[in-house]
Structures are given as structure tokens and as C-alpha cells.
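Listing of coords-v4.cif; format and content: mmCIF, C-alpha atoms.
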```cif
data_query
loop_
_atom_site.label_atom_id
_atom_site.label_comp_id
_atom_site.auth_asym_id
_atom_site.auth_seq_id
_atom_site.Cartn_x
_atom_site.Cartn_y
_atom_site.Cartn_z
CA MET A 1 113.36 123.10 106.53
CA GLU A 2 110.31 122.29 108.59
CA ASP A 3 109.46 118.81 109.62
CA VAL A 4 107.34 117.65 106.74
CA ALA A 5 107.91 113.96 106.93
CA THR A 6 104.51 113.24 108.37
CA HIS A 7 102.73 114.99 105.49
CA GLU A 8 102.71 112.77 102.47
CA GLU A 9 101.77 115.61 100.14
CA ASP A 10 104.97 117.45 100.98
CA TRP A 11 107.38 114.81 99.82
CA LYS A 12 107.65 116.39 96.38
CA SER A 13 108.92 119.69 97.67
CA CYS A 14 111.25 117.85 100.00
CA PHE A 15 112.58 115.70 97.20
CA ALA A 16 112.91 118.64 94.82
CA GLU A 17 115.24 120.23 97.32
CA LEU A 18 117.22 117.16 98.33
CA GLY A 19 117.00 114.95 95.24
CA PRO A 20 119.97 116.20 93.18
CA GLY A 21 122.29 116.08 96.20
CA LEU A 22 121.09 112.60 97.12
CA VAL A 23 121.66 111.31 93.60
CA LEU A 24 125.10 112.89 93.55
CA PHE A 25 125.87 111.19 96.86
CA ALA A 26 124.64 107.84 95.53
CA ARG A 27 126.83 108.32 92.44
CA GLN A 28 129.88 108.02 94.69
CA PHE A 29 129.14 104.30 94.99
CA VAL A 30 128.01 103.47 91.48
CA ARG A 31 129.08 104.66 88.07
CA SER A 32 125.79 105.23 86.31
CA ILE A 33 123.05 107.75 86.91
CA ALA A 34 120.43 105.04 86.50
CA ASP A 35 121.85 102.98 89.35
CA ALA A 36 122.21 106.06 91.53
CA GLU A 37 118.59 107.01 90.92
CA ASP A 38 117.43 103.50 91.73
CA ILE A 39 119.31 103.73 95.02
CA VAL A 40 117.83 107.11 95.86
CA GLN A 41 114.32 105.93 94.99
CA ASP A 42 114.62 102.91 97.24
CA ALA A 43 116.21 104.88 100.07
CA PHE A 44 113.80 107.80 99.88
CA VAL A 45 110.75 105.54 99.91
CA ARG A 46 112.12 103.63 102.89
CA PHE A 47 112.91 106.85 104.71
CA TRP A 48 109.52 108.37 103.99
CA ARG A 49 107.67 105.20 104.87
CA LYS A 50 109.26 105.17 108.31
CA GLN A 51 108.10 108.76 108.76
CA HIS A 52 111.49 109.94 109.88
CA SER A 53 112.03 113.65 110.24
CA VAL A 54 113.61 115.21 107.20
CA ASN A 55 115.55 117.36 109.62
CA ASP A 56 117.51 114.22 110.40
CA ARG A 57 119.54 114.50 107.23
CA GLY A 58 122.28 112.32 108.65
CA LEU A 59 119.81 109.43 108.79
CA LEU A 60 118.57 110.16 105.28
CA TYR A 61 122.10 109.99 103.85
CA ALA A 62 122.87 106.95 105.97
CA THR A 63 119.84 105.27 104.37
CA VAL A 64 121.08 106.11 100.88
CA ARG A 65 124.53 104.80 101.76
CA SER A 66 123.09 101.61 103.24
CA VAL A 67 120.97 100.92 100.15
CA ALA A 68 123.98 101.57 97.90
CA LEU A 69 126.21 99.22 99.86
CA ASP A 70 123.48 96.57 99.90
CA LEU A 71 123.27 96.85 96.14
CA LEU A 72 127.01 96.39 95.81
CA ARG A 73 127.03 93.43 98.16
CA ARG A 74 124.17 91.74 96.35
CA ASP A 75 126.00 91.82 93.08
CA ALA A 76 129.62 90.90 93.62
CA ARG A 77 130.46 91.06 89.94
CA ARG A 78 129.01 94.48 89.78
CA ALA A 79 131.05 95.54 92.80
CA ARG A 80 134.20 94.32 91.10
CA ARG A 81 133.29 96.17 87.97
CA GLU A 82 132.71 99.34 89.95
CA ALA A 83 135.99 98.93 91.80
CA THR A 84 137.80 98.41 88.52
CA ALA A 85 136.12 101.45 87.05
CA SER A 86 137.09 103.47 90.10
CA ALA A 87 140.67 102.33 89.80
CA ASP A 88 140.97 102.90 86.09
CA MET A 89 138.93 106.06 85.71
CA GLU A 90 139.10 105.88 81.96
CA GLN A 91 136.28 108.36 81.64
CA ILE A 92 133.85 105.67 80.69
CA THR A 93 131.54 106.82 83.45
CA GLU A 94 128.83 109.38 83.10
CA PRO A 95 129.85 112.80 84.42
CA GLN A 96 128.43 113.86 87.75
CA PHE A 97 128.34 117.57 87.02
CA ASP A 98 127.39 120.01 84.30
CA PHE A 99 130.43 121.94 83.13
CA ASP A 100 130.74 125.53 82.01
CA ASP A 101 134.36 125.35 81.00
CA GLY A 102 137.44 123.17 80.91
CA SER A 103 138.50 124.27 84.35
CA GLN A 104 135.37 122.80 85.89
CA ARG A 105 135.85 119.65 83.90
CA ALA A 106 139.34 119.29 85.34
CA LEU A 107 138.05 119.91 88.82
CA ALA A 108 135.37 117.25 88.37
CA ALA A 109 138.01 114.84 87.10
CA ALA A 110 140.10 115.56 90.18
CA ILE A 111 137.12 114.76 92.39
CA ASP A 112 136.77 111.40 90.68
CA LEU A 113 140.33 110.58 91.68
CA LEU A 114 139.63 110.94 95.39
CA PRO A 115 139.13 107.87 97.57
CA VAL A 116 135.47 107.14 98.12
CA GLU A 117 135.59 107.90 101.86
CA GLN A 118 136.85 111.39 101.08
CA ARG A 119 134.49 111.89 98.17
CA GLU A 120 131.40 111.06 100.18
CA VAL A 121 132.36 113.55 102.87
CA LEU A 122 133.10 116.19 100.25
CA VAL A 123 129.78 115.64 98.49
CA MET A 124 127.80 115.84 101.70
CA LYS A 125 129.63 118.97 102.82
CA ILE A 126 129.83 120.99 99.60
CA TRP A 127 126.72 120.11 97.61
CA ASN A 128 124.40 119.02 100.39
CA GLU A 129 125.59 121.45 103.04
CA LEU A 130 125.57 118.96 105.85
CA THR A 131 127.36 119.82 109.05
CA PHE A 132 130.24 117.69 110.25
CA ALA A 133 127.92 116.40 112.97
CA GLU A 134 125.41 115.24 110.36
CA ILE A 135 128.14 113.73 108.21
CA ALA A 136 129.51 111.91 111.23
CA SER A 137 126.03 110.59 111.97
CA ALA A 138 125.52 109.42 108.38
CA LEU A 139 128.85 107.62 108.21
CA SER A 140 128.97 106.41 111.82
CA ILE A 141 132.30 108.11 112.37
CA SER A 142 133.45 110.86 114.70
CA GLN A 143 133.15 114.51 113.76
CA ASN A 144 136.93 114.81 113.90
CA THR A 145 137.29 112.00 111.39
CA ALA A 146 134.73 113.61 109.11
CA ALA A 147 136.52 116.94 109.30
CA SER A 148 139.92 115.40 108.65
CA ARG A 149 138.61 113.46 105.65
CA TYR A 150 137.22 116.70 104.30
CA ARG A 151 140.56 118.44 104.72
CA TYR A 152 142.42 115.54 103.09
CA ALA A 153 140.00 115.70 100.18
CA LEU A 154 140.51 119.43 99.71
CA ALA A 155 144.28 119.06 99.97
CA ALA A 156 144.32 116.31 97.37
CA LEU A 157 142.00 118.29 95.11
CA LYS A 158 144.13 121.36 95.39
CA LYS A 159 147.16 119.36 94.42
CA ASN A 160 145.50 117.55 91.51
CA PHE A 161 143.49 120.53 90.36
CA VAL A 162 146.58 122.71 90.08
CA VAL A 163 148.31 120.01 88.08
CA HIS A 164 145.43 119.73 85.64
CA GLU A 165 144.60 123.42 85.49
CA MET B 1 140.62 126.07 106.42
CA ASN B 2 141.24 129.46 104.89
CA ASP B 3 143.74 127.83 102.56
CA PHE B 4 140.87 126.08 100.85
CA SER B 5 138.32 128.88 100.66
CA GLU B 6 138.98 129.54 96.98
CA LEU B 7 138.82 125.86 96.21
CA GLU B 8 135.56 125.51 98.12
CA ALA B 9 134.13 128.38 96.12
CA GLU B 10 135.17 126.67 92.90
CA LEU B 11 133.62 123.43 94.03
CA LYS B 12 130.32 125.12 94.84
CA LYS B 13 130.21 126.44 91.30
CA LEU B 14 130.01 122.88 90.03
CA ARG B 15 126.36 121.98 89.52
CA PRO B 16 125.28 118.38 90.03
CA ARG B 17 123.52 117.00 86.98
CA PRO B 18 119.76 117.33 87.27
CA VAL B 19 117.72 114.37 88.35
CA SER B 20 115.82 112.67 85.56
CA PRO B 21 112.21 113.83 85.53
CA ASP B 22 110.78 110.34 85.84
CA LEU B 23 112.52 109.70 89.16
CA SER B 24 109.98 111.79 90.97
CA ALA B 25 107.18 109.92 89.21
CA ARG B 26 108.73 106.57 90.16
CA ILE B 27 108.92 107.61 93.79
CA GLU B 28 105.32 108.73 93.64
CA VAL B 29 104.28 105.32 92.31
CA SER B 30 106.31 103.56 94.98
CA LEU B 31 104.79 105.65 97.74
CA ALA B 32 101.31 105.08 96.34
CA GLN B 33 101.89 101.34 96.25
CA GLU B 34 103.26 101.57 99.74
CA ALA B 35 100.18 103.41 100.92
CA ALA B 36 97.89 100.89 99.20
CA GLY B 37 99.62 97.92 100.70
CA ARG B 38 100.48 99.45 104.05
CA GLY B 39 101.25 96.80 106.58
CA VAL B 40 103.07 94.65 104.11
CA ALA B 41 106.66 95.79 104.42
CA THR B 42 108.24 94.60 101.21
CA ALA B 43 110.71 97.49 100.85
CA GLY B 44 109.86 97.72 97.18
CA VAL B 45 110.68 94.10 96.52
CA LEU B 46 107.75 91.94 95.53
CA PRO B 47 107.82 88.38 96.82
CA LYS B 48 108.61 85.79 94.20
CA GLN B 49 105.83 83.53 93.08
CA ARG B 50 106.48 79.94 93.87
CA LYS B 51 106.55 77.79 90.79
CA PHE B 52 106.26 74.04 90.73
CA ARG B 53 109.52 72.65 89.46
CA PRO B 54 109.86 68.88 89.50
CA ASN B 55 113.03 67.48 90.99
CA TRP B 56 113.98 65.04 88.28
CA LEU B 57 116.78 63.44 90.25
CA ALA B 58 114.55 62.65 93.21
CA LEU B 59 111.83 61.47 90.85
CA GLY B 60 114.21 59.12 89.04
CA LEU B 61 115.60 57.71 92.27
CA GLY B 62 112.08 57.16 93.54
CA LEU B 63 111.05 55.30 90.41
CA ALA B 64 114.17 53.14 90.54
CA ALA B 65 113.51 52.28 94.17
CA ALA B 66 109.90 51.43 93.36
CA ALA B 67 110.94 49.17 90.47
CA THR B 68 113.46 47.36 92.66
CA PHE B 69 110.86 46.89 95.34
CA LEU B 70 108.37 45.44 92.88
CA ILE B 71 110.95 43.00 91.53
CA LEU B 72 111.92 41.82 95.00
CA ALA B 73 108.32 41.52 96.09
CA ARG B 74 107.56 39.32 93.11
CA VAL B 75 110.50 37.07 93.84
CA ASN B 76 109.48 36.65 97.44
CA VAL B 77 106.10 35.43 96.28
CA ASP B 78 107.55 33.04 93.73
CA ARG B 79 110.29 31.75 95.94
CA PRO B 80 110.07 27.97 96.18
CA SER B 81 109.08 26.51 99.50
CA LYS B 82 111.87 25.22 101.59
CA SER B 83 112.29 21.52 101.80
CA THR B 84 112.81 19.80 105.05
CA GLY B 85 115.95 18.11 103.83
CA LEU B 86 119.33 19.68 104.25
CA ALA B 87 122.00 19.93 101.66
CA LEU B 88 125.32 21.64 101.57
CA LEU B 89 124.69 22.83 98.11
CA THR B 90 121.35 22.74 96.43
CA PRO B 91 121.31 22.87 92.66
CA ALA B 92 119.58 25.86 91.31
CA PRO B 93 116.07 25.34 90.06
CA ILE B 94 116.37 26.80 86.64
CA THR B 95 113.02 27.73 85.28
CA PRO B 96 112.66 27.07 81.60
CA THR B 97 109.95 29.67 81.21
CA ALA B 98 111.99 31.95 79.07
CA LYS B 99 109.16 33.82 77.59
CA ALA B 100 109.88 36.32 74.95
CA VAL B 101 108.78 39.16 77.16
CA ASP B 102 110.80 42.06 78.35
CA SER B 103 110.85 41.21 82.04
CA PHE B 104 113.06 39.56 84.61
CA VAL B 105 112.48 35.88 85.26
CA PRO B 106 114.07 33.75 87.98
CA ALA B 107 117.18 32.07 86.59
CA ALA B 108 119.02 30.46 89.51
CA MET B 109 118.95 29.99 93.23
CA THR B 110 121.80 28.85 95.45
CA GLN B 111 121.69 27.86 99.10
CA VAL B 112 124.93 27.56 101.08
CA VAL B 113 124.59 26.04 104.55
CA TYR B 114 127.37 27.28 106.71
CA ASP B 115 126.16 26.18 110.13
CA THR B 116 123.91 23.41 111.45
CA LYS B 117 123.16 22.98 115.10
CA ASP B 118 121.37 20.09 116.79
CA GLU B 119 119.18 21.63 119.46
CA GLY B 120 118.09 18.31 120.94
CA LEU B 121 114.70 16.76 121.45
CA HIS B 122 111.61 18.79 121.11
CA PHE B 123 108.03 17.93 121.90
CA ALA B 124 105.79 19.54 119.38
CA GLU B 125 102.21 20.42 120.22
CA GLY B 126 99.73 17.62 119.49
CA LYS B 127 102.48 15.05 119.05
CA ASP B 128 103.30 12.31 121.49
CA GLU B 129 106.68 11.50 120.15
CA PRO B 130 109.63 13.78 120.51
CA MET B 131 111.32 15.25 117.46
CA ARG B 132 114.87 16.35 116.95
CA ARG B 133 115.24 20.05 116.21
CA LEU B 134 117.95 21.14 113.81
CA ARG B 135 118.72 24.80 113.20
CA SER B 136 120.52 25.62 109.96
CA ARG B 137 121.95 28.90 108.90
CA LYS B 138 122.23 29.50 105.21
CA ARG B 139 122.98 32.09 102.65
CA GLU B 140 120.69 32.16 99.66
CA THR B 141 121.44 33.76 96.36
CA VAL B 142 118.67 34.32 93.85
CA GLN B 143 119.32 35.44 90.32
CA TRP B 144 116.96 36.83 87.69
CA LYS B 145 117.61 37.34 84.03
CA ASN B 146 115.93 39.24 81.31
CA PRO B 147 115.90 36.89 78.33
CA GLN B 148 115.54 39.70 75.85
CA THR B 149 118.14 42.12 77.06
CA GLY B 150 120.43 39.66 78.84
CA ALA B 151 120.46 41.85 81.95
CA SER B 152 120.67 39.98 85.23
CA LEU B 153 119.93 40.79 88.83
CA ARG B 154 121.33 38.91 91.82
CA VAL B 155 120.25 39.19 95.46
CA THR B 156 121.98 37.45 98.36
CA TYR B 157 120.47 37.27 101.81
CA PRO B 158 120.98 35.20 105.02
CA THR B 159 118.33 32.77 106.17
CA GLU B 160 117.78 30.54 109.15
CA GLU B 161 115.81 27.33 109.01
CA VAL B 162 114.55 25.09 111.78
CA THR B 163 113.84 21.49 110.88
CA LEU B 164 112.01 18.98 113.06
CA VAL B 165 113.13 15.42 112.33
CA PRO B 166 110.93 12.57 113.61
CA ILE B 167 112.71 10.03 115.78
CA SER B 168 111.95 6.44 115.25
CA GLY B 169 111.21 4.29 118.28
CA GLN B 170 113.96 1.80 117.56
#
```
Could I get this structure in the form of C-alpha cells?
Amino acid sequence: MEDVATHEEDWKSCFAELGPGLVLFARQFVRSIADAEDIVQDAFVRFWRKQHSVNDRGLLYATVRSVALDLLRRDARRARREATASADMEQITEPQFDFDDGSQRALAAAIDLLPVEQREVLVMKIWNELTFAEIASALSISQNTAASRYRYALAALKKNFVVHE
Amino acid sequence: MNDFSELEAELKKLRPRPVSPDLSARIEVSLAQEAAGRGVATAGVLPKQRKFRPNWLALGLGLAAAATFLILARVNVDRPSKSTGLALLTPAPITPTAKAVDSFVPAAMTQVVYDTKDEGLHFAEGKDEPMRRLRSRKRETVQWKNPQTGASLRVTYPTEEVTLVPISGQ
């Protein structure tokens, strides 16, 4: 992707490409699509306003993550509710994916069971195609840590997915 | 990593739910507002308008302090002039002006002399004869009553009085 951040007219094409992945990433912190979209809107506008290069995807995802964590910190009750929802996982949350069959539904349910630090790495790697270097930059961790979290996530998914399959 | 290749392929088949169509429009509005108000970095958060909200507690305390001040100021004006004579206990000048109005009126005044000191002879200006100077320390208590409500107010304060007593030539 070329560096289009300095051209305001190009933000639509940029967002069309990155938007779904960004919203999916934001969904790892909140349990409703509306909240995730609010986070992405705020983060994308901030990112674009600063005229950062879209090639710096690590910074873009770091901005989304920062806005999401700010939102959770601002509303402690909401954070508790989200934590409770994450712990219970009673399927009261809106699904993150469109399903073709029951197998995909089970896989999506297994993803929901992962710890958030593994889920965010998985989302950035699989559906946003970030490199481990970019993921490490977004999360302020080492590349080795990012890679190991990814492996742990896959191992846990494989275990849970087989059980539910 | 090869152990997970099938799983990764399955994961990539999952399609994230599409973004709602109005999200793009909302971002467009935000960017337009940003461009219009460039230089004012509000990060999408508009500053709150300041509203005047009276602080009732402070207002009440202020009014109470003002009322107390007015009462005390009135008493200081009406306070009877001090006599030159000394007494250990002066009977209170009860004022019989119990008007049927809803206000505080002076009801009693007590003077307690707890120290008197003879400071010797003193030659006052314009006088040929010396005078004896007595310094008395007292504690005065003034009381007001509201005849209608029966409420009372009492103030006690220390005073110091200097009395010049003429000396006869005998």
C-alpha cells in the first residue's frame, strides 16, 4: 500500500481496506460492534489527523488499542462488565464473524475463549496480516513474545476446536 | 508452525463481520470537522460549556455570616457608655422595649472585673492636678432576645478600661 496518509481524499480507500480488520481488533476489548466502531472512528481520525504513514500499521493498531484501553479506563463499571462478559462467555455478545457452517461457529467460539493478549495477536496476524515486527510495535512487546503468544493461541485453539468439532 | 497450517487456513476462512455503512460517513464528518477547526486539537471531544451553578452551601454560610455581623454591629452602636465607677458586678440594664417585632433586642449585659491595677499618679494634659490611673480588666457578656420567637444570642468578650480618678488636695 502506498503512503497515502498525506492525501485526505484517499482515506476512504485506505479505510475500506483496513476498516473491517480494525473493527475486529477493537472488538477484542469491547463486546459490542457499536463500541468497537466508536473506538475505530476515534483512533482513525486521530491517526489521520497526525498524518502518520499508513505503512506504519503497527502505530495504527497501537492507536486503536490505546483508544480502547482509554475507553475502558474511563468507565470502570463498563470495564468490569466487559471483564465479567469475557469470563462468562454466555454468548450474550455479538458475533465477530459471519459463519458458513457450524464448524466455523465452533472455531469462533474457541477464539472467544482465548486470553485477550493471545486474541489480539491472533487477530492482527490472521485477519490483518501484520508481521510479528508490526505486532510487536503495536503492543510494545518483543517479536519473540508476539510469536510465542501466537503459537500459544493456535495451540489452545487447536485443543478447543477439536473438542468442539 | 507446520502443525498449525491447517488451523491457520481454517481461521482465514472466517470472515470478520462487515463494518456498518455509516461508520465511514461518521469518519468523514469527523475529518471534515477536524479540517474546519484545524488548530484546535479536541480529539473529537467538544469542550463542555460552563454553566453557572450557585453554590448554595457557600451562599447560606455567607448570608449567616452577614446576619451575625449586622447584629453585632448594631449592638456595638447601642452599647451603653462605660461609667467611670468600678463595680465587681454590674446589674444588667434590661431594656423594657420589648416591641412586638421579629428582631433581636438587647436583654442583659454583665461585666465581671477580674483584675484592677493602680498605675499611680498621672498628669493629664491641660490639668494641673495629678490624677490616679486605674486599669481594670473585665469580661463583658451581652445578651439579646427575640421577644416573638424566644431565641437568644449571647456574646462574651474581654475589655480593658482605664479610669482617671481625681485626687483631692487634702
Quiz item: Please, what distance in Å, to one decimal, runs between atom CA of Ile135 of chain A and atom CA of Asp22 of chain B?
Solution: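 Taking atom CA of Ile135 of chain A as the start and atom CA of Asp22 of chain B as the end point, the length is 28.5 Å.
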Practice problem: Return the neighbours of chain A among the residues of chain B, cut-off 9 Å, counting only C-alpha atoms, as a ChimeraX atom specification. | Solution: /B:1,4,7-8,10-20,23-24,26-28,30-31,34-35,43-44
Quiz item: Which neighbours of segment 141-157 of chain B fall inside 6 Å, counting all atoms listed in the file, when residues of the same chain fewer than 4 positions from it are skipped, and could you give them as a ChimeraX atom specification?
Solution: /B:102-110
Generate a file of the selected residues that holds C-alpha atoms, formatted as a CSV table (one decimal), keeping the file's coordinate frame.
```csv
chain,number,residue,atom,x,y,z
B,102,ASP,CA,110.8,42.1,78.4
B,103,SER,CA,110.8,41.2,82.0
B,104,PHE,CA,113.1,39.6,84.6
B,105,VAL,CA,112.5,35.9,85.3
B,106,PRO,CA,114.1,33.8,88.0
B,107,ALA,CA,117.2,32.1,86.6
B,108,ALA,CA,119.0,30.5,89.5
B,109,MET,CA,119.0,30.0,93.2
B,110,THR,CA,121.8,28.8,95.4
```
Practice problem: Determine, counting all atoms listed in the file, which protein, DNA and RNA residues have an atom within 6 Å of an atom of Ala138 of chain A; residues of the same chain fewer than 3 positions away are not included. Present the result as a list in words. | Solution: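 The residues satisfying every condition are Gly58, Leu59, Tyr61, Ala62 and Ile135 of chain A.
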Quiz item: At what distance in Å, to one decimal, does atom CA of Asp115 of chain B lie from atom CA of Pro158 of chain B?
Solution: 11.6 Å
Practice problem: Output the residue selection produced by the PyMOL selection byres ((chain B and resi 125-128) around 12) on the file above, formatted as a PyMOL selection string. | Solution: chain B and resi 122-124+129-131+164+166-167+169
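When the PyMOL selection byres ((chain A and resi 145) around 12) is evaluated on the file shown here, the picked residues come out as Glu117, Gln118, Val121, Phe132, Ala133, Ile135, Ala136, Ser137, Leu139, Ser140, Ile141, Ser142, Gln143, Asn144, Ala146, Ala147, Ser148, Arg149, Tyr150, Arg151 and Tyr152 of chain A.
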Quiz item: In terms of the shortest atom-to-atom distance over all atoms listed in the file, which of A:Arg65, A:Arg119, A:Lys159, A:Arg74 is closest to Ala26 of chain A?
Solution: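 Smallest distance to Ala26 of chain A is found for A:Arg65.
Considering all atoms listed in the file, the residue among B:Ser5, B:Thr159, B:Asn55, B:Thr116 positioned nearest to Arg135 of chain B is B:Thr116.
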Self-check item: atom CA of Arg133 of chain B to atom CA of Val162 of chain B, straight-line distance in Å
Solution: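 Straight-line distance from atom CA of Val162 of chain B to atom CA of Arg133 of chain B works out to 6.7 Å.
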